[in-house]
file upload.cif (mmCIF, C-alpha atoms)
data_structure
#
loop_
_atom_site.label_atom_id
_atom_site.label_comp_id
_atom_site.auth_asym_id
_atom_site.auth_seq_id
_atom_site.Cartn_x
_atom_site.Cartn_y
_atom_site.Cartn_z
CA MET A 205 69.14 100.38 88.68
CA LEU A 206 68.09 99.58 92.22
CA GLN A 207 65.85 102.59 92.25
CA GLU A 208 64.08 101.51 89.06
CA ASP A 209 63.54 97.97 90.41
CA ALA A 210 62.10 99.33 93.65
CA GLN A 211 59.66 101.56 91.78
CA GLY A 212 58.58 98.64 89.60
CA ILE A 213 57.82 96.46 92.64
CA ALA A 214 55.90 99.28 94.31
CA SER A 215 53.77 99.85 91.19
CA TRP A 216 52.98 96.13 90.93
CA ALA A 217 51.98 96.03 94.60
CA ASP A 218 49.66 99.05 94.16
CA TRP A 219 48.06 97.51 91.06
CA THR A 220 47.54 94.14 92.83
CA PHE A 221 45.94 95.89 95.79
CA PHE A 222 43.53 97.65 93.42
CA VAL A 223 42.38 94.58 91.47
CA SER A 224 41.72 92.63 94.64
CA ARG A 225 38.68 94.81 95.22
CA ILE A 226 37.03 94.21 91.82
CA SER A 227 35.27 91.15 90.37
CA PRO A 228 37.35 88.04 89.52
CA GLN A 229 36.25 88.17 85.85
CA THR A 230 37.33 91.78 85.47
CA ALA A 231 40.57 91.09 87.31
CA PHE A 232 41.32 88.13 85.05
CA ALA A 233 40.63 90.19 81.93
CA ASN A 234 42.82 92.99 83.23
CA CYS A 235 45.60 90.50 83.99
CA LEU A 236 45.46 89.15 80.46
CA ALA A 237 45.50 92.66 79.03
CA PHE A 238 48.42 93.60 81.25
CA ILE A 239 50.41 90.50 80.27
CA TRP A 240 49.64 91.10 76.60
CA CYS A 241 50.89 94.69 76.92
CA LEU A 242 54.11 93.44 78.56
CA VAL A 243 54.69 90.89 75.80
CA ALA A 244 53.95 93.45 73.08
CA ALA A 245 56.25 96.02 74.68
CA SER A 246 59.04 93.46 75.02
CA PHE A 247 58.65 92.41 71.39
CA ILE A 248 58.68 96.00 70.15
CA ARG A 249 61.76 96.74 72.23
CA TRP A 250 63.53 93.61 70.90
CA PHE A 251 62.55 94.43 67.32
CA MET A 252 63.78 98.04 67.57
CA ARG A 253 67.11 96.92 69.07
CA LEU A 254 67.49 94.35 66.29
CA LYS A 255 66.82 96.99 63.63
CA MET A 256 69.31 99.34 65.27
CA ARG A 257 71.99 96.60 65.29
CA GLN A 258 71.34 95.78 61.64
CA GLN A 259 71.35 99.44 60.66
CA SER A 260 74.59 100.00 62.58
CA ARG A 261 76.21 96.95 60.92
CA LEU A 262 75.13 98.03 57.45
CA THR A 263 76.34 101.56 58.10
CA CYS A 264 79.75 100.21 59.11
CA ILE A 265 79.97 98.09 55.97
CA GLN A 266 78.70 100.71 53.54
CA GLN A 267 80.45 103.80 54.89
CA PHE A 268 83.81 102.28 55.82
CA THR A 269 86.28 103.23 53.11
CA ASP A 270 89.69 103.62 54.75
CA PRO A 271 91.50 101.91 57.67
CA SER A 272 92.43 105.33 59.08
CA GLU A 273 88.77 105.74 60.02
CA THR A 274 89.25 103.10 62.72
CA PHE A 275 91.95 104.85 64.80
CA VAL A 276 91.57 104.32 68.54
CA ASP A 277 93.98 106.40 70.65
CA ILE A 278 95.00 105.01 74.04
CA LEU A 279 96.89 106.47 77.01
CA VAL A 280 95.48 109.88 76.16
CA HIS A 281 94.67 110.56 79.82
CA ARG A 282 96.97 110.34 82.81
CA SER A 283 94.58 107.92 84.52
CA GLU A 284 95.16 105.42 81.70
CA GLU A 285 98.95 105.70 82.02
CA GLU A 286 98.72 105.15 85.78
CA GLU A 287 96.50 102.11 85.32
CA LEU A 288 98.88 100.63 82.75
CA ALA A 289 101.89 101.22 85.01
CA THR A 290 100.07 99.48 87.87
CA ALA A 291 99.16 96.49 85.67
CA LEU A 292 102.75 96.16 84.39
CA HIS A 293 104.21 96.39 87.89
CA ALA A 294 101.95 93.55 89.09
CA VAL A 295 103.22 91.17 86.38
CA GLN A 296 106.90 92.10 86.28
CA ALA A 297 107.91 88.57 87.34
CA ILE A 298 105.61 86.82 84.83
CA PRO A 299 106.86 85.92 81.31
CA THR A 300 105.21 87.82 78.48
CA ASP A 301 103.59 84.78 76.88
CA GLU A 302 101.97 83.87 80.22
CA LEU A 303 100.12 87.15 80.63
CA CYS A 304 96.34 86.80 80.87
CA THR A 305 93.31 88.61 82.26
CA ARG A 306 93.78 86.94 85.64
CA ASN A 307 97.16 88.62 86.21
CA PHE A 308 97.12 91.64 83.86
CA ILE A 309 94.29 93.52 85.55
CA LEU A 310 93.06 96.75 83.99
CA GLY A 311 91.63 99.73 85.79
CA PRO A 312 88.25 101.17 84.78
CA ALA A 313 89.59 103.66 82.22
CA LEU A 314 91.69 101.13 80.28
CA ALA A 315 89.03 98.42 80.62
CA ALA A 316 86.48 100.74 79.01
CA ARG A 317 88.95 101.57 76.23
CA MET A 318 89.58 97.90 75.44
CA ASP A 319 85.84 97.14 75.61
CA ALA A 320 85.37 99.77 72.92
CA VAL A 321 88.09 98.16 70.79
CA ARG A 322 86.52 94.72 71.19
CA TYR A 323 83.09 96.08 70.27
CA GLN A 324 84.56 97.65 67.14
CA ILE A 325 86.17 94.34 66.16
CA VAL A 326 83.18 92.10 66.91
CA ASN A 327 80.23 94.36 66.10
CA GLY A 328 81.72 97.15 64.01
CA PRO A 329 83.88 97.14 60.87
CA GLY A 330 86.06 94.36 62.29
CA LEU A 331 89.21 96.50 62.34
CA ALA A 332 90.85 98.88 64.80
CA ILE A 333 94.16 100.73 64.67
CA LEU A 334 95.18 101.12 68.32
CA ARG A 335 97.66 103.96 68.75
CA LEU A 336 99.97 104.34 71.72
CA PRO A 337 101.68 107.76 72.05
CA LYS A 338 105.12 107.96 70.43
CA SER A 339 106.44 109.63 73.58
CA TYR A 340 105.37 106.64 75.69
CA CYS A 341 106.99 104.16 73.30
CA ALA A 342 110.26 106.13 73.27
CA GLN A 343 110.43 106.40 77.07
CA ALA A 344 109.22 102.89 77.96
CA GLY A 345 111.37 100.93 75.49
CA GLU A 346 110.60 97.92 73.30
CA GLU A 347 110.26 95.28 76.01
CA THR A 348 107.84 97.30 78.14
CA VAL A 349 105.77 98.39 75.15
CA THR A 350 105.56 94.79 73.96
CA ARG A 351 104.43 93.57 77.38
CA ALA A 352 101.90 96.38 77.64
CA PHE A 353 100.47 95.53 74.22
CA VAL A 354 100.26 91.81 74.97
CA GLY A 355 98.62 92.51 78.31
CA LEU A 356 96.04 94.79 76.74
CA CYS A 357 95.28 92.23 74.02
CA THR A 358 94.58 89.49 76.57
CA HIS A 359 91.38 91.44 77.26
CA LEU A 360 90.33 90.79 73.68
CA GLY A 361 90.83 87.02 73.80
CA CYS A 362 93.10 84.13 74.72
CA MET A 363 96.53 84.00 73.06
CA ILE A 364 97.19 80.91 70.94
CA PRO A 365 100.25 79.88 68.89
CA GLN A 366 100.00 79.82 65.11
CA SER A 367 102.97 77.60 64.30
CA LYS A 368 103.46 74.19 65.87
CA ASP A 369 107.25 74.04 65.59
CA LEU A 370 108.15 76.84 68.03
CA MET A 371 104.68 77.35 69.57
CA GLU A 372 105.21 81.13 69.61
CA ARG A 373 102.49 83.25 71.16
CA VAL A 374 104.50 86.44 70.75
CA ALA A 375 106.96 86.72 67.85
CA ARG A 376 109.00 89.41 66.11
CA VAL A 377 108.50 90.08 62.41
CA GLU A 378 112.03 89.89 61.03
CA THR A 379 114.49 87.73 59.15
CA PRO A 380 115.57 85.15 61.76
CA ARG A 381 119.15 85.09 62.97
CA ASP A 382 118.90 82.43 65.68
CA HIS A 383 119.88 78.99 64.42
CA HIS A 384 116.98 77.18 66.13
CA ILE A 385 114.47 79.42 64.32
CA ILE A 386 116.20 79.04 60.96
CA ALA A 387 116.28 75.27 61.39
CA SER A 388 112.60 74.99 62.36
CA PRO A 389 110.61 73.08 59.73
CA ASN A 390 107.88 75.69 59.33
CA THR A 391 110.09 78.78 59.16
CA THR A 392 109.70 78.97 55.37
CA ARG A 393 105.90 78.83 55.83
CA ARG A 394 105.78 81.69 58.33
CA GLY A 395 105.62 85.19 56.91
CA TYR A 396 106.74 86.80 60.16
CA ARG A 397 110.07 84.99 59.94
CA ASN A 398 111.24 86.88 56.87
CA SER A 399 111.15 90.37 55.38
CA LYS A 400 109.76 89.43 51.97
CA GLU A 401 106.61 90.74 50.33
CA GLN A 402 103.40 89.03 51.44
CA ILE A 403 100.22 88.82 49.43
CA VAL A 404 97.08 89.35 51.48
CA HIS A 405 95.97 86.32 53.47
CA CYS A 406 94.36 85.18 56.70
CA ASP A 407 96.50 83.81 59.51
CA ALA A 408 95.87 80.17 60.41
CA SER A 409 94.32 79.89 56.95
CA ILE A 410 93.76 76.14 57.33
CA PRO A 411 90.04 75.44 57.93
CA ALA A 412 90.97 73.17 60.86
CA ALA A 413 91.88 76.32 62.83
CA ARG A 414 88.53 78.03 62.31
CA GLY A 415 86.41 78.84 65.33
CA CYS A 416 82.77 77.89 65.71
CA GLY A 417 80.85 81.15 65.63
CA GLN A 418 83.74 82.91 67.35
CA THR A 419 85.75 85.91 66.27
CA ASP A 420 89.44 85.12 65.96
CA ILE A 421 91.44 88.31 66.39
CA LEU A 422 94.78 89.14 64.81
CA ALA A 423 96.95 91.70 66.63
CA MET A 424 100.22 93.18 65.32
CA LEU A 425 102.21 96.01 66.93
CA CYS A 426 104.73 98.23 65.13
CA ILE A 427 107.71 98.88 67.40
CA ARG A 428 109.56 100.86 64.73
CA PRO A 429 108.84 101.38 61.00
CA SER A 430 111.26 100.05 58.43
CA SER A 431 114.05 102.53 57.76
CA ASP A 432 113.77 102.04 53.99
CA GLY A 433 110.06 102.94 53.90
CA GLY A 434 109.04 99.34 53.16
CA GLY A 435 106.81 97.02 55.12
CA VAL A 436 103.65 98.98 54.31
CA SER A 437 100.60 97.00 55.43
CA ARG A 438 98.06 95.77 52.89
CA LEU A 439 94.46 95.15 53.89
CA THR A 440 91.51 93.66 52.01
CA SER A 441 88.07 93.41 53.58
CA ALA A 442 86.06 90.24 52.99
CA GLU A 443 83.09 92.48 52.23
CA ALA A 444 84.89 94.23 49.37
CA LEU A 445 86.22 90.91 48.10
CA TYR A 446 82.78 89.29 48.18
CA ALA A 447 81.16 92.26 46.43
CA ALA A 448 83.82 92.38 43.70
CA LEU A 449 83.53 88.67 42.91
CA GLN A 450 79.73 88.72 43.09
CA ALA A 451 79.60 91.61 40.62
CA THR A 452 81.95 90.09 38.06
CA GLN A 453 82.14 86.33 38.65
CA PRO A 454 79.16 85.15 40.75
CA THR A 455 79.73 81.50 39.90
CA HIS A 456 83.06 81.67 41.75
CA VAL A 457 81.28 82.98 44.85
CA THR A 458 78.93 80.01 44.72
CA ARG A 459 81.83 77.57 44.35
CA LEU A 460 83.84 79.14 47.18
CA ALA A 461 80.79 79.15 49.44
CA ARG A 462 80.31 75.43 48.70
CA GLY A 463 83.86 74.93 49.90
CA PHE A 464 86.51 72.24 49.77
CA ARG A 465 87.75 69.26 51.70
CA TYR A 466 91.09 69.72 53.46
CA ASP A 467 93.94 67.71 54.97
CA ALA A 468 95.93 69.58 57.64
CA GLN A 469 98.55 66.91 58.34
CA ILE A 470 101.24 69.29 57.07
CA GLU A 471 100.67 71.45 60.13
CA TRP A 472 97.98 70.90 62.75
CA LEU A 473 97.70 71.86 66.42
CA PRO A 474 95.60 70.05 69.05
CA HIS A 475 94.00 73.30 70.27
CA TRP A 476 92.52 73.97 66.84
CA ARG A 477 88.78 73.58 66.98
CA GLN A 478 88.19 71.46 63.88
CA PRO A 479 89.40 67.95 62.94
CA GLN A 480 92.78 67.42 61.31
CA THR A 481 91.12 66.26 58.10
CA SER A 482 87.65 66.76 56.67
CA THR A 483 85.74 64.79 54.08
CA VAL A 484 83.04 67.46 54.22
CA GLU A 485 83.45 70.56 52.06
CA VAL A 486 84.18 73.66 54.15
CA PRO A 487 83.41 77.18 52.80
CA ILE A 488 86.32 79.46 51.95
CA LEU A 489 84.22 82.59 51.26
CA TRP A 490 80.88 82.82 53.05
CA ARG A 491 78.47 85.02 55.01
CA ASP A 492 78.16 84.47 58.74
CA LYS A 493 74.94 84.37 60.75
CA HIS A 494 74.92 88.19 60.84
CA GLY A 495 75.18 88.42 57.05
CA ARG A 496 78.78 89.64 57.11
CA ALA A 497 81.22 88.43 54.47
CA CYS A 498 84.03 86.20 55.79
CA VAL A 499 87.04 84.61 54.12
CA GLN A 500 89.72 82.11 55.08
CA TYR A 501 92.50 81.97 52.52
CA GLY A 502 96.26 81.91 52.23
CA VAL A 503 98.96 80.35 50.09
CA ASN A 504 99.39 77.57 52.67
CA LEU A 505 95.72 76.70 52.30
CA ARG A 506 96.22 75.48 48.75
CA ALA A 507 98.63 72.75 49.92
CA ASN A 508 96.07 71.49 52.46
CA LEU A 509 93.29 71.41 49.89
CA GLU A 510 95.43 69.66 47.28
CA ALA A 511 96.49 67.05 49.88
CA ALA A 512 92.84 66.21 50.54
CA TYR A 513 92.11 65.73 46.83
CA GLY A 514 95.35 63.96 45.94
CA GLY A 515 96.86 66.86 44.01
CA ARG A 516 95.95 70.11 42.27
CA ASP A 517 94.82 68.32 39.13
CA GLU A 518 92.26 66.34 41.13
CA ILE A 519 90.36 69.45 42.27
CA ASP A 520 87.52 70.29 39.89
CA LYS A 521 88.30 73.00 37.34
CA ALA A 522 85.60 75.28 38.73
CA GLY A 523 87.19 75.02 42.17
CA VAL A 524 90.69 75.84 40.92
CA ALA A 525 89.36 78.77 38.90
CA ALA A 526 87.44 80.10 41.92
CA LEU A 527 90.52 79.93 44.16
CA ASP A 528 92.65 81.65 41.52
CA ALA A 529 90.01 84.39 41.13
CA LEU A 530 89.83 84.88 44.90
CA ASN A 531 93.60 85.28 45.14
CA GLU A 532 93.78 87.69 42.21
CA THR A 533 90.82 89.82 43.32
CA ALA A 534 91.93 90.01 46.96
CA ASN A 535 95.31 91.38 45.89
CA SER A 536 93.94 93.78 43.29
CA ARG A 537 94.21 97.53 43.87
CA ALA A 538 90.45 97.81 43.59
CA CYS A 539 89.97 95.84 46.83
CA ARG A 540 93.22 96.49 48.68
CA HIS A 541 94.00 99.27 51.13
CA THR A 542 97.51 100.26 52.20
CA LEU A 543 98.51 101.67 55.55
CA ARG A 544 101.95 102.51 56.92
CA LEU A 545 102.03 101.73 60.63
CA GLU A 546 103.98 104.16 62.79
CA ALA A 547 105.80 103.36 66.03
CA GLY A 548 103.24 102.44 68.68
CA TRP A 549 100.46 101.67 66.20
CA ALA A 550 98.79 98.29 66.43
CA LEU A 551 96.69 96.63 63.75
CA ILE A 552 93.89 94.60 65.38
CA CYS A 553 91.31 92.90 63.21
CA ASP A 554 88.84 90.07 62.78
CA ASN A 555 90.99 87.44 61.07
CA TYR A 556 88.10 86.25 58.88
CA ARG A 557 86.70 89.65 57.88
CA TRP A 558 90.04 91.20 56.93
CA MET A 559 92.97 89.79 54.98
CA HIS A 560 96.39 91.29 55.58
CA GLY A 561 99.76 91.42 53.84
CA ARG A 562 102.73 93.74 53.46
CA GLU A 563 105.36 95.12 51.14
CA GLU A 564 108.94 93.90 51.36
CA PHE A 565 111.21 95.67 53.85
CA LEU A 566 114.90 95.67 54.77
#

call {"tool": "encode", "arguments": {"input": "upload.cif", "output": "structure tokens"}}
result
Amino acid sequence: MLQEDAQGIASWADWTFFVSRISPQTAFANCLAFIWCLVAASFIRWFMRLKMRQQSRLTCIQQFTDPSETFVDILVHRSEEEELATALHAVQAIPTDELCTRNFILGPALAARMDAVRYQIVNGPGLAILRLPKSYCAQAGEETVTRAFVGLCTHLGCMIPQSKDLMERVARVETPRDHHIIASPNTTRRGYRNSKEQIVHCDASIPAARGCGQTDILAMLCIRPSSDGGGVSRLTSAEALYAALQATQPTHVTRLARGFRYDAQIEWLPHWRQPQTSTVEVPILWRDKHGRACVQYGVNLRANLEAAYGGRDEIDKAGVAALDALNETANSRACRHTLRLEAGWALICDNYRWMHGREEFL
């Protein structure tokens, strides 16, 4: 880089020395021509990069057919294992939910690996299956693997709690046994506090939690698969959902894109980036500034919408029909993928470009 800059300065100096010996009119004309060439070259370069980004995005959307295409293996080289061990040793006295990029520092190999994961989430298909070696998971144990995963994920974004009762940043997916969890008011609303079947949904499905032009990332790690073969993950892309509704029921797409008012008084957190209530209709299915389909939907969302309108019967019939169609289509086999996570596999996705669910497990 320094060498290129030095050559550029030298060339400019040579050119300036040359024009100082010709007439002012010719020099001025040459300057204009030179500036025009620079502007034209910059525009062409910008245009070609824009086309390449668009082509790459469309390729991801059109060619992506199965979540297994997004596997990203980590700790495949000894240098990565050494870097992870160093990072874990440096934070051994810090609680797991207080890990962040300032204390969980990655070496160059792991940093490059996580940059690739982030790029795949933000600019690619919006989904990555990060796979830690089974041998590492078996030797390190659950607590170490969990801390390693959380530490790695801090390099994708800042951890935030989803539920306001326990303010958990890191939580186990299981039927709760601790009395304080069972007694918490939102335990029945939280899918990770039970082993029941879950239809596909977005986490923090209340519009008040939605970011402003930001990618909210969902990260889930499988420590051990269910012994009964249950718990298989279900995934529906917003792109497939949008295309299916547009092809069969385009009026529903229009109604969902228009959106709904909401009232999040049932459950609202101060760090959420939108107001607790909204008298303005907020889209539920839409395309972002890059043209990518996005969705924000879950069973809990319906309660927040109905609260804003004064009950289900007060929402217009077209709105109710559109929400019902979205729910049915998102959970249909035509749109839904299934994937059984193995020990050490982590599902990481854009929360608004992918809906997730699971089968029941014991």

call {"tool": "resolve_selection", "arguments": {"input": "upload.cif", "expression": "the PyMOL selection byres ((chain A and resi 543) around 7)", "output": "list in words"}}
result
Val436, Ser437, Arg438, His541, Thr542, Arg544 and Leu545 of chain A

call {"tool": "atom_distance", "arguments": {"input": "upload.cif", "atom1": "atom CA of Thr440 of chain A", "atom2": "atom CA of Thr452 of chain A"}}
result
17.3 Å

call {"tool": "resolve_selection", "arguments": {"input": "upload.cif", "expression": "the PyMOL selection byres ((chain A and resi 305-307) around 12)", "output": "PyMOL selection string"}}
result
chain A and resi 290-304+308-311+315+354-363

call {"tool": "resolve_selection", "arguments": {"input": "upload.cif", "expression": "the PyMOL selection byres ((chain A and resi 540) around 9)", "output": "list in words"}}
result
Val404, Arg438, Leu439, Thr440, Ser441, Ala444, Leu445, Thr533, Ala534, Asn535, Ser536, Arg537, Ala538, Cys539, His541 and Thr542 of chain A

call {"tool": "residues_around", "arguments": {"input": "upload.cif", "residues": "Asp432 of chain A", "least_positions_apart": "4", "cutoff": "10 Å", "atoms": "all atoms listed in the file", "output": "count of residues only"}}
result
3

call {"tool": "atom_distance", "arguments": {"input": "upload.cif", "atom1": "atom CA of Glu347 of chain A", "atom2": "atom CA of Val326 of chain A"}}
result
28.7 Å
